[in-house]
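File shown: input34.cif. Contents: mmCIF, C-alpha atoms.
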data_final
loop_
_atom_site.label_atom_id
_atom_site.label_comp_id
_atom_site.auth_asym_id
_atom_site.auth_seq_id
_atom_site.Cartn_x
_atom_site.Cartn_y
_atom_site.Cartn_z
CA MET Y 286 1.30 47.78 -108.50
CA SER Y 287 -1.21 47.04 -105.75
CA LEU Y 288 -4.06 44.60 -106.26
CA ALA Y 289 -6.59 47.44 -106.54
CA GLN Y 290 -4.55 49.12 -109.29
CA ARG Y 291 -4.22 45.90 -111.25
CA VAL Y 292 -7.93 45.17 -110.85
CA LEU Y 293 -8.78 48.71 -111.97
CA LEU Y 294 -6.57 48.32 -115.04
CA THR Y 295 -8.24 45.03 -115.98
CA TRP Y 296 -11.70 46.38 -115.20
CA VAL Y 297 -11.38 49.52 -117.33
CA PHE Y 298 -10.09 47.68 -120.39
CA THR Y 299 -12.71 44.91 -120.07
CA LEU Y 300 -15.52 47.44 -119.70
CA VAL Y 301 -14.42 49.52 -122.72
CA PHE Y 302 -13.99 46.37 -124.83
CA LEU Y 303 -17.44 45.04 -123.87
CA ILE Y 304 -19.09 48.37 -124.68
CA MET Y 305 -17.37 48.57 -128.08
CA LEU Y 306 -18.22 44.92 -128.83
CA VAL Y 307 -21.90 45.44 -127.99
CA LEU Y 308 -22.07 48.58 -130.15
CA LYS Y 309 -20.52 46.71 -133.08
CA LEU Y 310 -22.69 43.58 -132.69
CA ASP Y 311 -25.87 45.66 -132.45
CA GLY Y 312 -24.89 47.51 -135.63
CA LYS Y 313 -24.74 50.94 -133.95
CA VAL Y 314 -21.21 51.55 -135.25
CA GLN Y 315 -19.56 50.37 -138.45
CA TRP Y 316 -16.01 50.34 -137.14
CA ASN Y 317 -13.28 47.95 -138.21
CA TRP Y 318 -12.94 44.83 -136.01
CA PHE Y 319 -9.29 45.71 -135.37
CA LEU Y 320 -10.50 49.00 -133.87
CA ILE Y 321 -13.08 47.22 -131.71
CA PHE Y 322 -10.25 45.09 -130.29
CA LEU Y 323 -8.16 48.20 -129.48
CA PRO Y 324 -8.57 47.80 -125.67
CA VAL Y 325 -7.32 44.22 -126.04
CA TRP Y 326 -4.24 45.32 -128.00
CA VAL Y 327 -3.41 48.04 -125.46
CA PHE Y 328 -3.96 45.76 -122.44
CA ASP Y 329 -1.90 42.94 -123.96
CA GLY Y 330 0.81 45.43 -124.92
CA ILE Y 331 1.02 46.66 -121.31
CA LEU Y 332 1.19 43.08 -119.98
CA ILE Y 333 3.88 42.02 -122.47
CA LEU Y 334 5.90 45.13 -121.63
CA MET Y 335 5.63 44.43 -117.89
CA LEU Y 336 6.66 40.80 -118.39
CA ALA Y 337 9.59 41.76 -120.64
CA ILE Y 338 10.82 44.31 -118.07
CA LYS Y 339 10.58 41.75 -115.26
CA MET Y 340 12.46 39.17 -117.35
CA ALA Y 341 15.11 41.71 -118.30
CA GLY Y 342 15.49 42.56 -114.59
CA ARG Y 343 16.91 39.08 -114.04
CA CYS Y 344 19.82 39.89 -116.33
CA LYS Y 345 21.04 42.66 -114.01
CA PRO Y 346 24.37 41.96 -112.26
CA GLY Y 347 23.93 40.88 -108.65
CA TYR Y 348 20.39 39.52 -109.14
CA ASP Y 349 19.53 36.85 -106.58
CA PRO Y 350 17.19 34.21 -108.13
CA ARG Y 351 16.22 33.00 -104.63
CA ASN Y 352 14.26 36.13 -103.75
CA GLY Y 353 10.91 34.37 -104.17
CA SER Y 354 9.89 35.62 -107.62
CA PRO Y 355 8.58 33.06 -110.14
CA ASP Y 356 11.31 31.35 -112.13
CA LEU Y 357 12.30 32.27 -115.66
CA ARG Y 358 10.57 29.26 -117.22
CA LEU Y 359 7.23 30.35 -115.74
CA ARG Y 360 7.73 33.91 -116.99
CA ALA Y 361 8.66 32.55 -120.43
CA TRP Y 362 5.42 30.53 -120.44
CA TYR Y 363 3.43 33.66 -119.50
CA LEU Y 364 5.06 35.56 -122.36
CA ALA Y 365 4.33 32.71 -124.79
CA ALA Y 366 0.71 32.59 -123.55
CA MET Y 367 0.31 36.34 -124.11
CA LEU Y 368 1.74 36.06 -127.64
CA LEU Y 369 -0.56 33.11 -128.40
CA LYS Y 370 -3.57 35.09 -127.13
CA LEU Y 371 -2.52 38.02 -129.27
CA GLY Y 372 -2.17 35.67 -132.26
CA PHE Y 373 -5.69 34.33 -131.63
CA CYS Y 374 -7.20 37.84 -131.45
CA LEU Y 375 -5.35 38.96 -134.59
CA THR Y 376 -6.46 35.96 -136.69
CA LEU Y 377 -10.01 36.29 -135.32
CA CYS Y 378 -10.12 39.95 -136.38
CA ALA Y 379 -8.69 39.04 -139.80
CA LYS Y 380 -11.39 36.37 -140.20
CA LEU Y 381 -14.18 38.72 -139.09
CA GLU Y 382 -12.92 41.42 -141.47
CA LYS Y 383 -12.76 38.74 -144.22
CA LEU Y 384 -9.08 39.52 -144.80
CA ALA Y 385 -8.25 35.83 -144.58
CA ASP Y 386 -10.33 32.78 -145.37
CA VAL Y 387 -9.30 30.66 -142.39
CA LYS Y 388 -11.37 27.99 -140.69
CA LEU Y 389 -12.36 28.81 -137.10
CA THR Y 390 -10.62 25.62 -135.94
CA PHE Y 391 -7.24 27.01 -137.07
CA VAL Y 392 -8.05 30.40 -135.52
CA CYS Y 393 -8.80 28.71 -132.20
CA ILE Y 394 -5.59 26.62 -132.01
CA PRO Y 395 -3.59 29.33 -130.13
CA LEU Y 396 -6.52 29.80 -127.73
CA TRP Y 397 -6.72 26.06 -127.04
CA THR Y 398 -2.96 25.95 -126.40
CA VAL Y 399 -3.26 28.76 -123.85
CA LEU Y 400 -6.28 27.14 -122.18
CA LEU Y 401 -4.53 23.75 -121.99
CA GLY Y 402 -1.45 25.39 -120.48
CA ALA Y 403 -3.60 27.23 -117.92
CA LEU Y 404 -5.41 23.98 -117.09
CA VAL Y 405 -2.09 22.19 -116.51
CA GLU Y 406 -0.88 25.04 -114.28
CA LEU Y 407 -4.13 25.02 -112.28
CA GLY Y 408 -4.06 21.23 -112.06
CA LEU Y 409 -0.53 21.33 -110.63
CA ASN Y 410 -1.77 23.83 -108.04
CA ILE Y 411 -4.73 21.62 -107.11
CA PHE Y 412 -2.49 18.57 -106.61
CA PRO Y 413 0.79 20.06 -105.32
CA GLU Y 414 2.10 16.79 -103.84
CA ARG Y 415 2.26 15.27 -107.33
CA ARG Y 416 4.44 18.17 -108.47
CA GLU Y 417 7.16 17.20 -105.99
CA ALA Y 418 7.03 13.50 -106.92
CA MET A 209 0.73 36.75 -114.87
CA LEU A 210 -0.97 39.98 -113.78
CA PHE A 211 -2.54 38.25 -110.77
CA SER A 212 -1.24 35.36 -108.73
CA LEU A 213 -3.55 32.37 -108.26
CA ARG A 214 -4.03 33.30 -104.59
CA GLU A 215 -5.13 36.83 -105.54
CA LEU A 216 -7.51 35.45 -108.19
CA VAL A 217 -9.08 33.04 -105.69
CA GLN A 218 -9.48 35.87 -103.16
CA TRP A 219 -10.89 38.30 -105.70
CA LEU A 220 -13.25 36.01 -107.62
CA GLY A 221 -14.32 34.05 -104.54
CA PHE A 222 -14.02 30.72 -106.34
CA ALA A 223 -11.85 27.79 -105.31
CA THR A 224 -8.98 26.70 -107.57
CA PHE A 225 -10.92 23.57 -108.51
CA GLU A 226 -13.90 25.67 -109.62
CA LEU A 227 -11.63 27.87 -111.76
CA PHE A 228 -10.24 24.66 -113.30
CA LEU A 229 -13.79 23.46 -114.00
CA HIS A 230 -14.82 26.71 -115.71
CA LEU A 231 -11.63 26.81 -117.81
CA LEU A 232 -12.20 23.21 -118.90
CA ALA A 233 -15.79 24.06 -119.83
CA LEU A 234 -14.56 27.05 -121.85
CA LEU A 235 -12.09 24.83 -123.71
CA VAL A 236 -14.75 22.23 -124.62
CA PHE A 237 -17.22 24.99 -125.51
CA SER A 238 -14.76 26.70 -127.87
CA MET A 239 -14.06 23.34 -129.54
CA LEU A 240 -17.78 22.73 -130.05
CA VAL A 241 -18.24 26.26 -131.45
CA ALA A 242 -15.42 25.66 -133.94
CA LEU A 243 -16.93 22.28 -134.85
CA ARG A 244 -20.41 23.80 -135.28
CA THR A 245 -19.10 26.67 -137.43
CA ASP A 246 -16.62 24.79 -139.61
CA MET A 247 -18.37 21.47 -140.14
CA PHE A 248 -21.83 22.99 -140.62
CA THR A 249 -23.31 20.13 -138.58
CA PRO A 250 -27.04 20.89 -138.36
CA THR A 251 -27.55 18.13 -135.77
CA LEU A 252 -25.39 20.05 -133.32
CA SER A 253 -27.82 22.64 -131.97
CA TRP A 254 -26.60 25.75 -130.14
CA TRP A 255 -28.18 24.47 -126.90
CA LEU A 256 -25.94 21.38 -127.20
CA VAL A 257 -22.89 23.57 -127.84
CA PHE A 258 -23.58 25.48 -124.61
CA VAL A 259 -23.95 22.28 -122.52
CA PRO A 260 -20.31 22.39 -121.16
CA LEU A 261 -20.89 25.91 -119.80
CA PHE A 262 -24.22 24.95 -118.21
CA ALA A 263 -22.65 21.78 -116.76
CA ALA A 264 -19.77 23.80 -115.26
CA ASP A 265 -22.27 26.19 -113.66
CA GLY A 266 -24.24 23.26 -112.22
CA LEU A 267 -21.15 21.49 -110.88
CA SER A 268 -19.84 24.74 -109.42
CA THR A 269 -23.16 25.31 -107.64
CA TYR A 270 -23.07 21.77 -106.25
CA PHE A 271 -19.45 22.23 -105.07
CA THR A 272 -20.30 25.56 -103.43
CA ALA A 273 -23.35 24.07 -101.69
CA ILE A 274 -21.19 21.31 -100.21
CA VAL A 275 -18.46 23.73 -99.09
CA SER A 276 -21.05 26.03 -97.54
CA ILE A 277 -22.73 23.17 -95.65
CA ARG A 278 -19.33 22.06 -94.33
CA LEU A 279 -18.52 25.61 -93.26
CA TYR A 280 -21.92 25.90 -91.58
CA GLN A 281 -21.34 22.65 -89.68
CA GLU A 282 -17.96 23.96 -88.52
CA ASN A 283 -19.72 27.01 -87.04
CA GLU A 284 -18.42 29.39 -89.73
CA LYS A 285 -22.01 30.46 -90.39
CA ARG A 286 -21.29 34.00 -91.59
CA LEU A 287 -18.58 32.82 -93.99
CA ALA A 288 -20.81 30.02 -95.30
CA VAL A 289 -23.74 32.36 -96.06
CA LEU A 290 -21.51 35.04 -97.60
CA ARG A 291 -19.72 32.52 -99.84
CA LEU A 292 -22.98 30.92 -100.93
CA LEU A 293 -24.57 34.29 -101.72
CA TRP A 294 -21.57 35.57 -103.67
CA VAL A 295 -21.05 32.43 -105.78
CA LEU A 296 -24.76 32.07 -106.50
CA THR A 297 -24.96 35.72 -107.61
CA VAL A 298 -21.97 35.35 -109.96
CA LEU A 299 -23.16 32.02 -111.37
CA SER A 300 -26.72 33.21 -111.91
CA LEU A 301 -25.53 36.35 -113.75
CA LYS A 302 -23.23 34.18 -115.91
CA LEU A 303 -26.04 31.71 -116.57
CA VAL A 304 -28.50 34.45 -117.61
CA CYS A 305 -25.94 35.80 -120.09
CA GLU A 306 -25.27 32.30 -121.50
CA VAL A 307 -28.97 31.43 -121.86
CA LEU A 308 -29.75 34.73 -123.59
CA LEU A 309 -26.79 34.35 -125.96
CA CYS A 310 -27.77 30.77 -126.74
CA GLN A 311 -31.36 31.81 -127.42
CA LYS A 312 -30.16 34.60 -129.70
CA LEU A 313 -27.96 32.19 -131.68
CA ALA A 314 -30.48 29.34 -131.77
CA GLU A 315 -33.55 31.37 -132.73
CA GLN A 316 -32.14 34.21 -134.80
CA GLU A 317 -35.44 35.03 -136.49
CA GLN A 318 -37.66 34.94 -133.39
CA ALA A 319 -35.06 36.59 -131.13
CA ARG A 320 -34.52 39.63 -133.34
CA ASP A 321 -35.65 41.97 -130.53
CA LEU A 322 -33.04 40.49 -128.23
CA TRP A 323 -30.19 42.96 -128.78
CA PHE A 324 -26.66 42.27 -127.63
CA GLY A 325 -26.72 45.13 -125.10
CA LEU A 326 -29.41 43.22 -123.24
CA ILE A 327 -27.54 39.91 -123.50
CA VAL A 328 -24.32 41.38 -122.09
CA SER A 329 -26.05 43.43 -119.35
CA PRO A 330 -25.54 40.68 -116.68
CA LEU A 331 -21.81 40.90 -117.42
CA PHE A 332 -21.87 44.66 -116.85
CA ILE A 333 -23.52 44.08 -113.44
CA LEU A 334 -20.95 41.37 -112.70
CA LEU A 335 -18.10 43.76 -113.54
CA GLN A 336 -19.42 46.33 -111.04
CA LEU A 337 -19.74 43.65 -108.35
CA LEU A 338 -16.20 42.43 -109.03
CA MET A 339 -14.86 45.97 -108.69
CA ILE A 340 -16.60 46.41 -105.33
CA ARG A 341 -15.25 43.06 -104.16
CA ALA A 342 -11.72 44.02 -105.27
CA CYS A 343 -11.88 47.12 -103.07
CA ARG A 344 -12.94 44.97 -100.10
CA VAL A 345 -10.23 42.34 -100.73
CA ASN A 346 -7.55 45.00 -101.15
#
Entire entry expressed as structure tokens:
Amino acid sequence: MSLAQRVLLTWVFTLVFLIMLVLKLDGKVQWNWFLIFLPVWVFDGILILMLAIKMAGRCKPGYDPRNGSPDLRLRAWYLAAMLLKLGFCLTLCAKLEKLADVKLTFVCIPLWTVLLGALVELGLNIFPERREA
Amino acid sequence: MLFSLRELVQWLGFATFELFLHLLALLVFSMLVALRTDMFTPTLSWWLVFVPLFAADGLSTYFTAIVSIRLYQENEKRLAVLRLLWVLTVLSLKLVCEVLLCQKLAEQEQARDLWFGLIVSPLFILLQLLMIRACRVN
């Protein structure tokens, strides 16, 4: 996928989600919170599928791991991050729908894990010389 | 994941350090929101909860000003002005959205006329701008 296609995909799902969120928050629609998060589920589903296919591609016979693609550990982290984000959205929806009486702190733990992981990854990119040490 | 860091930096027009700063602010902000909601601490006002986001915007503006001045001194005048304009536009739209949301949460009774469509409208403008920029970068 080219950059424009990926941006368009992200843009469409973000726009639809924002519109649905605003309608719900302003009380214009009385939909279920799980329905409001539908663009998030679909987008995350597409991303997880793409990641799983790329990871499965490494299992093909004759695959050369030196072809410049990110290593398996990085892909595994991306997959874990996606699942954590999905877990956060699911528990948040359950809390908003009053299906579960969970404290927001516990709901946010997967989100904080993802954010910490992203911060570490960005930090390693800001100081690359320390990565080699 | 979907975008490499290089693509994100190109598309959003922010340096890696600035992205780091905004992510860190988001992390602290989400922790304060959880603290405010779960502990029912009345001393923690919504304006205080939003401080990490405001601080990140301020620091990002400062960083951008310095980078733009350096670029200007190195005779990259066009690049300096374009970068400054883009980052200031994005940050001001983000700041307007944050201030409106904070006002809505802090003064729920007085800000009843402030509907969420209005609060999120800077984000809608930002989305359009990001799409236009993506076409240019591509």
Atomic distance atom CA of Y:Asp311 - atom CA of A:Leu326, expressed in Å with one decimal: 10.2 Å
Given only C-alpha atoms as the counted atoms, nearest of A:Leu292, A:Leu279, A:Leu331, A:Val307 to chain Y: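 For chain Y, the nearest of the candidates is A:Leu331.
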Point (-15.9, 20.1, -113.5) neighbourhood (8 Å, only C-alpha atoms) written as number ranges by chain: A: 225-226, 228-230, 232-233, 263-264, 267-268
Residue selection dump (C-alpha atoms) as a PDB file, keeping the file's coordinate frame:
ATOM      1  CA  PHE A 225     -10.920  23.570-108.510  1.00  0.00           C
ATOM      2  CA  GLU A 226     -13.900  25.670-109.620  1.00  0.00           C
ATOM      3  CA  PHE A 228     -10.240  24.660-113.300  1.00  0.00           C
ATOM      4  CA  LEU A 229     -13.790  23.460-114.000  1.00  0.00           C
ATOM      5  CA  HIS A 230     -14.820  26.710-115.710  1.00  0.00           C
ATOM      6  CA  LEU A 232     -12.200  23.210-118.900  1.00  0.00           C
ATOM      7  CA  ALA A 233     -15.790  24.060-119.830  1.00  0.00           C
ATOM      8  CA  ALA A 263     -22.650  21.780-116.760  1.00  0.00           C
ATOM      9  CA  ALA A 264     -19.770  23.800-115.260  1.00  0.00           C
ATOM     10  CA  LEU A 267     -21.150  21.490-110.880  1.00  0.00           C
ATOM     11  CA  SER A 268     -19.840  24.740-109.420  1.00  0.00           C
TER      12      SER A 268
END
With 5 Å on each side, where is the centre of the axis-aligned box around all listed atoms of stretch 223-228 of chain A, and how long are its edges in Å to one decimal, as AutoDock Vina command-line options?
--center_x -11.4 --center_y 25.7 --center_z -109.3 --size_x 14.9 --size_y 14.3 --size_z 18.0
Hits from the PyMOL selection byres ((chain A) within 7 of (chain Y)), listed as a list in words: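 Those residues are Met209, Thr224, Phe225, Phe228, Leu231, Leu235, Ala242, Asp246, Trp323, Phe324, Gly325, Ala342, Cys343 and Asn346 of chain A.
Across A:Leu334, A:Met339, A:Leu243, A:Leu261, the tightest approach to A:Cys310 is made by A:Leu261 when counting all atoms listed in the file.
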Taking 5 positions as the minimum chain separation for residues in the same chain, which residues sit within 8 Å of stretch 314-327 of chain Y when counting all atoms listed in the file? Answer as an mmCIF file with C-alpha atoms, in the coordinates of the input.
data_model
loop_
_atom_site.group_PDB
_atom_site.id
_atom_site.type_symbol
_atom_site.label_atom_id
_atom_site.label_comp_id
_atom_site.auth_asym_id
_atom_site.auth_seq_id
_atom_site.Cartn_x
_atom_site.Cartn_y
_atom_site.Cartn_z
ATOM 1 C CA PHE Y 298 -10.090 47.680 -120.390
ATOM 2 C CA THR Y 299 -12.710 44.910 -120.070
ATOM 3 C CA VAL Y 301 -14.420 49.520 -122.720
ATOM 4 C CA PHE Y 302 -13.990 46.370 -124.830
ATOM 5 C CA MET Y 305 -17.370 48.570 -128.080
ATOM 6 C CA LEU Y 306 -18.220 44.920 -128.830
ATOM 7 C CA LEU Y 308 -22.070 48.580 -130.150
ATOM 8 C CA LYS Y 309 -20.520 46.710 -133.080
ATOM 9 C CA LEU Y 371 -2.520 38.020 -129.270
ATOM 10 C CA CYS Y 374 -7.200 37.840 -131.450
ATOM 11 C CA LEU Y 375 -5.350 38.960 -134.590
ATOM 12 C CA CYS Y 378 -10.120 39.950 -136.380
ATOM 13 C CA LEU Y 381 -14.180 38.720 -139.090
ATOM 14 C CA GLU Y 382 -12.920 41.420 -141.470
#
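You can rank A:Ser212, A:Gln311, A:Gln316, A:Gln218 by their closest distance to A:Val345 using only C-alpha atoms, and at the top of that list sits A:Gln218.
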Selection result for the PyMOL selection byres ((chain A and resi 308) around 12) on this file, as a PyMOL selection string: chain A and resi 254-255+258+301-307+309-316+319-331
Straight-line distance linking atom CA of Y:Lys383 with atom CA of Y:Leu369, stated in Å to one decimal: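 Those two atoms sit 20.8 Å apart.
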Computed interatomic separation between atom CA of Y:Pro395 and atom CA of A:Met239 (Å):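 Distance reported for this atom pair: 12.1 Å.
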Residues near A:Arg291, cut-off 10 Å, only C-alpha atoms, skip fewer than 4 positions along chain, as a list in words: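 Neighbouring residues, sequence-local ones excluded: Gly221, Phe222, Thr272, Ala273, Val275, Ser276, Leu279, Lys285, Arg286, Leu287, Val295, Leu296 and Thr297 of chain A.
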